$ cat start.cif   # mmCIF, C-alpha atoms (C1' of nucleotides)
data_data
loop_
_atom_site.label_atom_id
_atom_site.label_comp_id
_atom_site.auth_asym_id
_atom_site.auth_seq_id
_atom_site.Cartn_x
_atom_site.Cartn_y
_atom_site.Cartn_z
CA MET A 1 -31.07 84.38 -21.44
CA SER A 2 -27.77 86.05 -20.79
CA SER A 3 -26.07 82.93 -19.50
CA ASP A 4 -26.34 79.21 -19.90
CA GLY A 5 -28.13 77.85 -16.90
CA PHE A 6 -25.44 75.34 -16.10
CA LEU A 7 -22.91 78.10 -15.53
CA LEU A 8 -24.77 79.48 -12.55
CA PRO A 9 -24.13 76.56 -10.19
CA LEU A 10 -20.56 76.44 -11.40
CA ARG A 11 -20.01 80.09 -10.55
CA LEU A 12 -21.51 79.58 -7.13
CA PHE A 13 -19.41 76.55 -6.51
CA VAL A 14 -16.19 78.18 -7.64
CA GLY A 15 -16.88 81.05 -5.28
CA PHE A 16 -17.62 78.70 -2.44
CA ARG A 17 -14.55 76.70 -3.13
CA GLN A 18 -12.23 79.65 -3.41
CA LEU A 19 -13.31 80.90 0.00
CA ILE A 20 -12.96 77.53 1.65
CA ASP A 21 -9.62 76.89 -0.02
CA GLY A 22 -8.48 80.34 1.02
CA VAL A 23 -9.22 79.64 4.64
CA HIS A 24 -7.58 76.25 4.59
CA ALA A 25 -4.52 77.49 2.78
CA GLU A 26 -4.03 80.05 5.51
CA LEU A 27 -4.77 77.55 8.27
CA ALA A 28 -2.24 75.18 6.76
CA ARG A 29 0.31 77.98 6.78
CA GLU A 30 -0.41 78.54 10.45
CA GLY A 31 0.19 74.97 11.50
CA HIS A 32 -2.98 73.10 10.59
CA PRO A 33 -2.19 71.38 7.30
CA GLU A 34 -4.21 68.26 8.10
CA LEU A 35 -7.55 70.02 8.30
CA ARG A 36 -9.98 69.35 5.46
CA PRO A 37 -12.84 71.56 4.35
CA LEU A 38 -15.20 69.15 6.06
CA HIS A 39 -13.57 69.79 9.40
CA GLY A 40 -14.36 73.49 9.37
CA PHE A 41 -18.05 72.67 9.26
CA VAL A 42 -17.64 70.17 12.03
CA PHE A 43 -15.90 72.78 14.20
CA GLN A 44 -18.71 75.17 13.50
CA ALA A 45 -21.26 72.51 14.40
CA ILE A 46 -19.49 71.65 17.65
CA GLY A 47 -19.19 75.28 18.66
CA LEU A 48 -17.76 76.65 21.85
CA ASP A 49 -20.31 74.84 23.99
CA GLY A 50 -19.50 71.35 22.80
CA THR A 51 -21.93 68.65 21.79
CA THR A 52 -22.29 64.90 21.50
CA ALA A 53 -21.79 62.54 18.60
CA VAL A 54 -25.52 62.00 18.18
CA GLU A 55 -26.31 65.69 18.26
CA LEU A 56 -23.46 66.43 15.88
CA GLY A 57 -24.81 63.87 13.48
CA ARG A 58 -28.19 65.58 13.62
CA ARG A 59 -26.67 68.99 12.96
CA LEU A 60 -24.62 67.70 10.07
CA GLY A 61 -27.37 65.56 8.65
CA VAL A 62 -25.38 62.35 8.88
CA SER A 63 -25.68 59.22 10.99
CA LYS A 64 -24.35 59.17 14.52
CA GLN A 65 -21.80 56.60 13.41
CA ALA A 66 -20.47 58.84 10.69
CA ALA A 67 -20.26 61.73 13.11
CA GLY A 68 -18.45 59.47 15.56
CA LYS A 69 -15.87 58.49 12.97
CA THR A 70 -15.19 62.08 12.04
CA LEU A 71 -14.75 62.88 15.71
CA ASP A 72 -12.32 59.99 16.04
CA GLY A 73 -10.12 61.63 13.46
CA LEU A 74 -10.38 65.07 15.00
CA GLU A 75 -9.63 63.63 18.42
CA ARG A 76 -6.55 61.88 17.08
CA LEU A 77 -5.41 65.19 15.63
CA GLY A 78 -5.93 66.92 18.94
CA TYR A 79 -8.72 69.29 17.97
CA VAL A 80 -11.49 67.82 20.09
CA ALA A 81 -11.66 65.94 23.37
CA ARG A 82 -14.30 63.62 24.74
CA THR A 83 -15.28 63.63 28.38
CA THR A 84 -17.99 61.58 29.99
CA ASP A 85 -20.96 63.59 31.11
CA PRO A 86 -21.20 63.49 34.91
CA GLN A 87 -24.95 63.99 34.63
CA ASP A 88 -25.49 61.14 32.19
CA ALA A 89 -23.13 58.21 32.02
CA ARG A 90 -24.23 57.35 28.50
CA ARG A 91 -23.26 60.65 26.95
CA LYS A 92 -19.78 61.66 25.98
CA LEU A 93 -19.38 65.37 25.68
CA VAL A 94 -17.29 66.47 22.76
CA THR A 95 -15.59 69.82 23.16
CA LEU A 96 -13.02 71.72 21.18
CA THR A 97 -9.55 71.73 22.67
CA ASP A 98 -7.62 75.00 22.88
CA ARG A 99 -6.18 74.11 19.52
CA GLY A 100 -9.67 73.54 18.19
CA VAL A 101 -10.98 76.84 19.51
CA GLN A 102 -7.99 78.57 18.00
CA VAL A 103 -8.90 77.17 14.58
CA LEU A 104 -12.51 78.22 14.96
CA VAL A 105 -11.54 81.77 15.86
CA ARG A 106 -8.93 82.08 13.15
CA SER A 107 -11.29 80.67 10.55
CA ALA A 108 -13.84 83.33 11.35
CA GLN A 109 -11.18 86.02 11.03
CA ILE A 110 -9.92 84.69 7.72
CA PHE A 111 -13.43 84.44 6.32
CA ASP A 112 -13.93 88.07 7.25
CA GLU A 113 -10.67 88.99 5.52
CA LEU A 114 -11.63 87.11 2.38
CA ARG A 115 -15.03 88.73 2.37
CA ALA A 116 -13.33 92.10 2.65
CA GLU A 117 -11.21 91.23 -0.39
CA TRP A 118 -14.35 90.42 -2.35
CA ALA A 119 -15.88 93.68 -1.20
CA ALA A 120 -12.81 95.54 -2.39
CA ARG A 121 -13.12 93.92 -5.81
CA ILE A 122 -16.76 94.42 -6.61
CA GLY A 123 -17.71 97.01 -4.03
CA PRO A 124 -19.25 96.44 -0.61
CA ASP A 125 -22.71 97.36 -1.82
CA ARG A 126 -22.62 94.84 -4.62
CA LEU A 127 -21.44 92.15 -2.27
CA ASP A 128 -24.24 92.92 0.17
CA GLU A 129 -26.71 92.72 -2.67
CA LEU A 130 -25.24 89.45 -3.82
CA GLU A 131 -25.73 87.92 -0.41
CA LYS A 132 -29.16 89.41 -0.04
CA ASP A 133 -30.23 88.02 -3.39
CA LEU A 134 -28.93 84.60 -2.48
CA VAL A 135 -30.94 84.67 0.71
CA THR A 136 -34.00 85.76 -1.24
CA VAL A 137 -33.66 82.86 -3.62
CA THR A 138 -32.51 80.11 -1.33
CA GLY A 139 -34.08 81.07 1.96
CA ALA A 140 -32.27 81.73 5.21
CA GLU A 141 -32.26 78.06 5.98
CA PRO A 142 -29.96 76.70 8.65
CA PHE A 143 -27.10 74.78 7.23
CA ARG A 144 -27.13 71.05 6.75
CA LEU A 145 -23.76 69.60 5.87
CA ASP A 146 -24.22 66.07 4.70
CA VAL A 147 -21.96 67.19 1.94
CA PRO A 148 -19.40 64.46 1.30
CA GLY A 149 -21.98 61.74 1.00
CA TRP A 150 -24.32 64.12 -0.73
CA PHE A 151 -22.03 64.79 -3.60
CA GLY A 152 -20.50 61.52 -4.48
CA GLY A 153 -21.99 58.74 -2.41
CA MET B 1 -19.33 94.61 7.91
CA SER B 2 -22.90 93.83 7.05
CA SER B 3 -22.50 90.09 7.31
CA ASP B 4 -20.32 87.61 9.10
CA GLY B 5 -17.70 86.38 6.69
CA PHE B 6 -18.48 82.74 7.28
CA LEU B 7 -22.02 83.21 5.99
CA LEU B 8 -20.85 84.07 2.48
CA PRO B 9 -19.52 80.61 1.57
CA LEU B 10 -22.58 79.09 3.15
CA ARG B 11 -24.90 81.18 1.01
CA LEU B 12 -22.97 80.26 -2.10
CA PHE B 13 -23.01 76.63 -1.20
CA VAL B 14 -26.71 76.56 -0.43
CA GLY B 15 -27.39 78.14 -3.79
CA PHE B 16 -25.17 75.66 -5.55
CA ARG B 17 -26.71 72.78 -3.75
CA GLN B 18 -30.28 73.84 -4.39
CA LEU B 19 -29.64 74.02 -8.11
CA ILE B 20 -27.91 70.67 -8.25
CA ASP B 21 -30.55 69.05 -6.08
CA GLY B 22 -33.23 70.58 -8.25
CA VAL B 23 -31.78 69.05 -11.36
CA HIS B 24 -31.32 65.66 -9.80
CA ALA B 25 -34.77 65.62 -8.25
CA GLU B 26 -36.21 66.19 -11.70
CA LEU B 27 -33.89 63.65 -13.33
CA ALA B 28 -34.89 61.11 -10.69
CA ARG B 29 -38.52 61.81 -11.52
CA GLU B 30 -37.77 61.17 -15.17
CA GLY B 31 -36.19 57.78 -14.64
CA HIS B 32 -32.65 58.48 -13.47
CA PRO B 33 -32.78 58.05 -9.71
CA GLU B 34 -29.31 56.54 -9.46
CA LEU B 35 -27.48 59.58 -10.72
CA ARG B 36 -25.46 61.51 -8.15
CA PRO B 37 -24.41 65.15 -8.36
CA LEU B 38 -20.93 63.99 -9.26
CA HIS B 39 -22.21 62.26 -12.35
CA GLY B 40 -23.56 65.43 -13.86
CA PHE B 41 -20.10 66.89 -13.90
CA VAL B 42 -18.73 63.73 -15.40
CA PHE B 43 -21.31 63.86 -18.19
CA GLN B 44 -20.37 67.44 -18.83
CA ALA B 45 -16.70 66.51 -18.93
CA ILE B 46 -17.29 63.64 -21.34
CA GLY B 47 -19.40 65.77 -23.63
CA LEU B 48 -20.94 64.77 -26.91
CA ASP B 49 -17.57 63.98 -28.46
CA GLY B 50 -16.50 61.41 -25.92
CA THR B 51 -13.14 61.13 -24.28
CA THR B 52 -10.81 58.65 -22.58
CA ALA B 53 -10.29 57.76 -18.95
CA VAL B 54 -6.96 59.55 -18.81
CA GLU B 55 -8.31 62.69 -20.40
CA LEU B 56 -11.37 62.60 -18.18
CA GLY B 57 -9.12 62.39 -15.16
CA ARG B 58 -7.26 65.45 -16.37
CA ARG B 59 -10.44 67.41 -16.89
CA LEU B 60 -11.80 66.46 -13.49
CA GLY B 61 -8.51 66.90 -11.71
CA VAL B 62 -8.38 63.35 -10.43
CA SER B 63 -6.19 60.36 -11.17
CA LYS B 64 -6.85 58.23 -14.23
CA GLN B 65 -7.67 55.35 -11.89
CA ALA B 66 -10.36 57.35 -10.11
CA ALA B 67 -11.81 58.45 -13.44
CA GLY B 68 -11.78 54.85 -14.59
CA LYS B 69 -13.69 53.70 -11.52
CA THR B 70 -16.34 56.35 -11.96
CA LEU B 71 -16.70 55.31 -15.58
CA ASP B 72 -17.10 51.70 -14.47
CA GLY B 73 -20.12 52.71 -12.47
CA LEU B 74 -21.60 54.82 -15.24
CA GLU B 75 -21.02 52.01 -17.72
CA ARG B 76 -22.79 49.56 -15.44
CA LEU B 77 -25.72 51.98 -15.25
CA GLY B 78 -25.81 52.24 -19.02
CA TYR B 79 -24.91 55.90 -19.40
CA VAL B 80 -21.55 55.49 -21.11
CA ALA B 81 -20.00 52.92 -23.41
CA ARG B 82 -16.38 52.09 -24.06
CA THR B 83 -15.12 51.25 -27.50
CA THR B 84 -11.57 50.57 -28.51
CA ASP B 85 -10.04 53.22 -30.69
CA PRO B 86 -9.32 51.76 -34.14
CA GLN B 87 -6.48 54.26 -34.53
CA ASP B 88 -4.77 53.37 -31.26
CA ALA B 89 -5.19 49.98 -29.64
CA ARG B 90 -4.25 51.37 -26.23
CA ARG B 91 -7.04 53.90 -26.02
CA LYS B 92 -10.60 53.15 -25.08
CA LEU B 93 -12.99 55.80 -26.23
CA VAL B 94 -15.68 56.62 -23.74
CA THR B 95 -18.86 58.01 -25.20
CA LEU B 96 -22.27 58.79 -23.80
CA THR B 97 -24.99 56.32 -24.74
CA ASP B 98 -28.33 57.61 -25.98
CA ARG B 99 -29.47 57.47 -22.40
CA GLY B 100 -26.41 59.47 -21.37
CA VAL B 101 -26.97 62.11 -24.03
CA GLN B 102 -30.57 62.37 -22.96
CA VAL B 103 -29.48 63.16 -19.41
CA LEU B 104 -27.00 65.75 -20.62
CA VAL B 105 -29.62 67.50 -22.71
CA ARG B 106 -32.31 67.37 -20.05
CA SER B 107 -29.89 68.62 -17.41
CA ALA B 108 -29.12 71.67 -19.50
CA GLN B 109 -32.83 72.34 -19.93
CA ILE B 110 -33.56 71.97 -16.24
CA PHE B 111 -30.67 74.24 -15.30
CA ASP B 112 -32.11 76.83 -17.62
CA GLU B 113 -35.51 76.44 -16.01
CA LEU B 114 -34.10 76.79 -12.53
CA ARG B 115 -32.14 79.84 -13.57
CA ALA B 116 -35.35 81.31 -14.95
CA GLU B 117 -37.01 80.72 -11.58
CA TRP B 118 -34.21 82.58 -9.86
CA ALA B 119 -34.54 85.38 -12.36
CA ALA B 120 -38.26 85.58 -11.65
CA ARG B 121 -37.56 85.88 -7.95
CA ILE B 122 -34.88 88.54 -7.85
CA GLY B 123 -35.16 89.97 -11.33
CA PRO B 124 -33.15 89.02 -14.42
CA ASP B 125 -30.89 92.05 -14.11
CA ARG B 126 -29.97 91.24 -10.54
CA LEU B 127 -29.20 87.67 -11.47
CA ASP B 128 -27.01 88.79 -14.33
CA GLU B 129 -25.17 91.07 -11.97
CA LEU B 130 -24.78 88.30 -9.46
CA GLU B 131 -23.13 86.11 -12.04
CA LYS B 132 -21.04 88.92 -13.37
CA ASP B 133 -19.80 89.77 -9.89
CA LEU B 134 -18.93 86.16 -9.22
CA VAL B 135 -16.90 86.04 -12.40
CA THR B 136 -15.18 89.26 -11.43
CA VAL B 137 -14.19 87.88 -8.07
CA THR B 138 -13.38 84.30 -8.93
CA GLY B 139 -12.20 84.55 -12.51
CA ALA B 140 -13.66 82.78 -15.49
CA GLU B 141 -11.60 79.71 -14.71
CA PRO B 142 -12.44 76.40 -16.32
CA PHE B 143 -13.94 73.98 -13.90
CA ARG B 144 -12.00 71.40 -12.00
CA LEU B 145 -14.11 68.85 -10.20
CA ASP B 146 -11.98 66.94 -7.77
CA VAL B 147 -14.83 67.66 -5.43
CA PRO B 148 -15.58 64.51 -3.44
CA GLY B 149 -11.97 63.98 -2.45
CA TRP B 150 -11.49 67.71 -2.12
CA PHE B 151 -14.10 68.11 0.51
CA GLY B 152 -13.68 65.21 2.79
CA GLY B 153 -10.76 63.06 1.90
"C1'" DT C 1 15.10 48.63 -33.52
"C1'" DA C 2 15.70 49.89 -28.69
"C1'" DG C 3 13.87 52.94 -25.28
"C1'" DG C 4 10.68 56.04 -23.51
"C1'" DA C 5 5.81 57.78 -23.17
"C1'" DT C 6 1.20 56.79 -22.98
"C1'" DG C 7 -3.40 54.37 -21.87
"C1'" DG C 8 -5.52 51.04 -19.11
"C1'" DT C 9 -6.01 47.81 -15.34
"C1'" DC C 10 -5.23 45.61 -10.84
"C1'" DA C 11 -4.16 45.74 -6.01
"C1'" DA C 12 -3.80 47.79 -1.52
"C1'" DC C 13 -5.12 51.30 1.26
"C1'" DG C 14 -7.48 55.62 3.49
"C1'" DT C 15 -11.59 58.34 4.42
"C1'" DG C 16 -16.32 59.18 4.86
"C1'" DG C 17 -20.79 57.40 4.29
"C1'" DT C 18 -24.47 53.75 5.21
"C1'" DT C 19 -27.20 50.02 7.78
"C1'" DG C 20 -27.62 46.55 11.33
"C1'" DT C 21 -26.60 44.86 15.88
"C1'" DC C 22 -25.72 45.18 20.58
"C1'" DC C 23 -25.04 47.06 25.31
"C1'" DA C 24 -25.34 50.19 29.19
"C1'" DA C 25 -27.68 53.86 31.20
"C1'" DA C 26 -31.55 56.91 31.61
"C1'" DA C 27 -36.50 57.84 31.39
"C1'" DC C 28 -41.04 56.44 31.65
"C1'" DG C 29 -45.49 54.18 33.09
"C1'" DT C 30 -48.06 51.38 35.89
"C1'" DA D 1 -40.23 49.84 42.70
"C1'" DC D 2 -39.91 47.41 38.69
"C1'" DG D 3 -40.26 46.19 33.85
"C1'" DT D 4 -40.21 48.52 29.32
"C1'" DT D 5 -38.88 51.81 26.14
"C1'" DT D 6 -35.71 55.26 24.59
"C1'" DT D 7 -31.28 57.02 24.07
"C1'" DG D 8 -26.04 57.41 23.40
"C1'" DG D 9 -22.27 55.00 22.01
"C1'" DA D 10 -19.49 51.38 19.84
"C1'" DC D 11 -18.54 47.55 16.58
"C1'" DA D 12 -18.87 45.19 12.13
"C1'" DA D 13 -19.71 44.76 7.37
"C1'" DC D 14 -20.27 47.10 3.38
"C1'" DC D 15 -20.21 50.81 -0.46
"C1'" DA D 16 -18.36 54.95 -3.05
"C1'" DC D 17 -14.59 57.57 -4.33
"C1'" DG D 18 -10.02 59.03 -3.62
"C1'" DT D 19 -4.95 57.89 -3.55
"C1'" DT D 20 -0.14 55.37 -4.95
"C1'" DG D 21 2.41 51.88 -6.84
"C1'" DA D 22 3.09 48.33 -10.11
"C1'" DC D 23 2.50 46.16 -14.44
"C1'" DC D 24 1.49 45.38 -19.40
"C1'" DA D 25 0.53 46.47 -24.12
"C1'" DT D 26 0.91 49.73 -27.60
"C1'" DC D 27 2.61 53.64 -29.88
"C1'" DC D 28 6.17 57.09 -30.89
"C1'" DT D 29 10.73 58.45 -31.70
"C1'" DA D 30 15.77 58.98 -31.75
#
$ encode --input "start.cif" --output "structure tokens"
Amino acid sequence: MSSDGFLLPLRLFVGFRQLIDGVHAELAREGHPELRPLHGFVFQAIGLDGTTAVELGRRLGVSKQAAGKTLDGLERLGYVARTTDPQDARRKLVTLTDRGVQVLVRSAQIFDELRAEWAARIGPDRLDELEKDLVTVTGAEPFRLDVPGWFGG
Amino acid sequence: MSSDGFLLPLRLFVGFRQLIDGVHAELAREGHPELRPLHGFVFQAIGLDGTTAVELGRRLGVSKQAAGKTLDGLERLGYVARTTDPQDARRKLVTLTDRGVQVLVRSAQIFDELRAEWAARIGPDRLDELEKDLVTVTGAEPFRLDVPGWFGG
DNA sequence: TAGGATGGTCAACGTGGTTGTCCAAAACGT
DNA sequence: ACGTTTTGGACAACCACGTTGACCATCCTA
């Protein structure tokens, strides 16, 4: 055993966190200081096509109420907008505003930049292997993000 | 670019989460269903020598009040005990109970087992490299765990 | 010995999560 | 076509964990 087992999750988490923090540090610099790590995942889950609170909750693995509350905050901050669905008066379509789309696009760019920095450090081949090995071990599973409650609650 | 940049943090997180979930699933099976991922880090931060609320807060990167609240919960669950320091009437020493130590020891064992499973899947050498590369990229930094608030709040 | 630092607690508040309840609108089945 | 179920959304009450600010007791030190 070349490493204590408890170090492995720590390493993974530190890597995860550095990437997320890197993105949000840059986003803050570019005029989005209020965004939390959680929000990035919500943006991703909403996508360019929009969604509804219920569907968002399903994608994130949280209740529709929790998803609704998160959307309240994002709406207040001007990143998403709700419009009633003309096809279905019950539904309220949630879409990213221009500002929201801008964050989504920039986030993707910054993630690519950070990945390139990692590649420059350890070599692109090693990084590819690292990702490939992670997929081998963990599966290619779609992402569930019931993270805040998952960790502490 | 062999992979979208945003997949990298996801892969890391999924790996992290699978390990943590694996440990807590087993701990739940062994009589500790109330423990949350957060608690494992707290146990680790308390250690076999014990600590105080203020010091715990420093180690976890949270306020002394937050650390105190978490300890309240763990005390109620019987995993830690507080005793007044005979040397300093202000301090309250927080130590793991037998039950707490048991969890700490078992967690370490389970992490080792899970790491061994990973090694069996991708090969021990590849796993060692994976960890080594992560250290190269992220640094060997000591762990700060202001995680719950970090993510969402 | 007076004054500052330190450890702990309490209170108020914010955020994100949960469940339970309820209503309006859509979908379904007879 | 009409009653019944399902669905999407909102509201309330509650819990966990975070924050600041205030306060007190104790220890340290100039």
$ interface_residues --input "start.cif" --of "chain C" --to "chain B" --cutoff "12 Å" --atoms "all atoms listed in the file" --output "PyMOL selection string"
chain C and resi 6-11+14-17
$ resolve_selection --input "start.cif" --expression "the PyMOL selection byres ((chain B) within 7 of (chain A))" --output "PyMOL selection string"
chain B and resi 4-6+8-9+11-16+19+36-38+108+111-112+115+118+121-122+130-131+133-135+137-138+148+151-152
$ closest_residue --input "start.cif" --among "D:DC28, D:DA22, D:DA1, D:DA10" --to "DG29 (chain C)" --atoms "all atoms listed in the file"
D:DA1
$ residues_around --input "start.cif" --residues "region 93-100 of chain B" --least-positions-apart "4" --cutoff "6 Å" --atoms "all atoms listed in the file" --output "PyMOL selection string"
chain B and resi 50-52+79-85
$ atom_distance --input "start.cif" --atom1 "C1' of DA2 (chain C)" --atom2 "CA of Pro86 (chain B)"
25.7 Å
$ atom_distance --input "start.cif" --atom1 "CA of Leu77 (chain A)" --atom2 "CA of Asp146 (chain B)"
24.4 Å
$ residues_around --input "start.cif" --residues "DC11 (chain D)" --least-positions-apart "5" --cutoff "12 Å" --atoms "only C-alpha atoms (C1' of nucleotides)" --output "PyMOL selection string"
(chain A and resi 65+68-69) or (chain C and resi 20-23)
$ interface_residues --input "start.cif" --of "chain D" --to "chain B" --cutoff "9 Å" --atoms "only C-alpha atoms (C1' of nucleotides)" --output "VMD selection string"
chain D and resid 17 to 19 25 to 27
$ atom_distance --input "start.cif" --atom1 "C1' of DG4 (chain C)" --atom2 "C1' of DT29 (chain D)"
8.5 Å
$ resolve_selection --input "start.cif" --expression "the PyMOL selection byres ((chain C and resi 27) around 8)" --output "list of chain:residue names"
C:DA26, C:DC28, D:DT6
$ residues_around --input "start.cif" --residues "Val42 (chain A)" --least-positions-apart "4" --cutoff "8 Å" --atoms "all atoms listed in the file" --output "list in words"
Leu38, Ile46, Leu56 and Leu60 of chain A
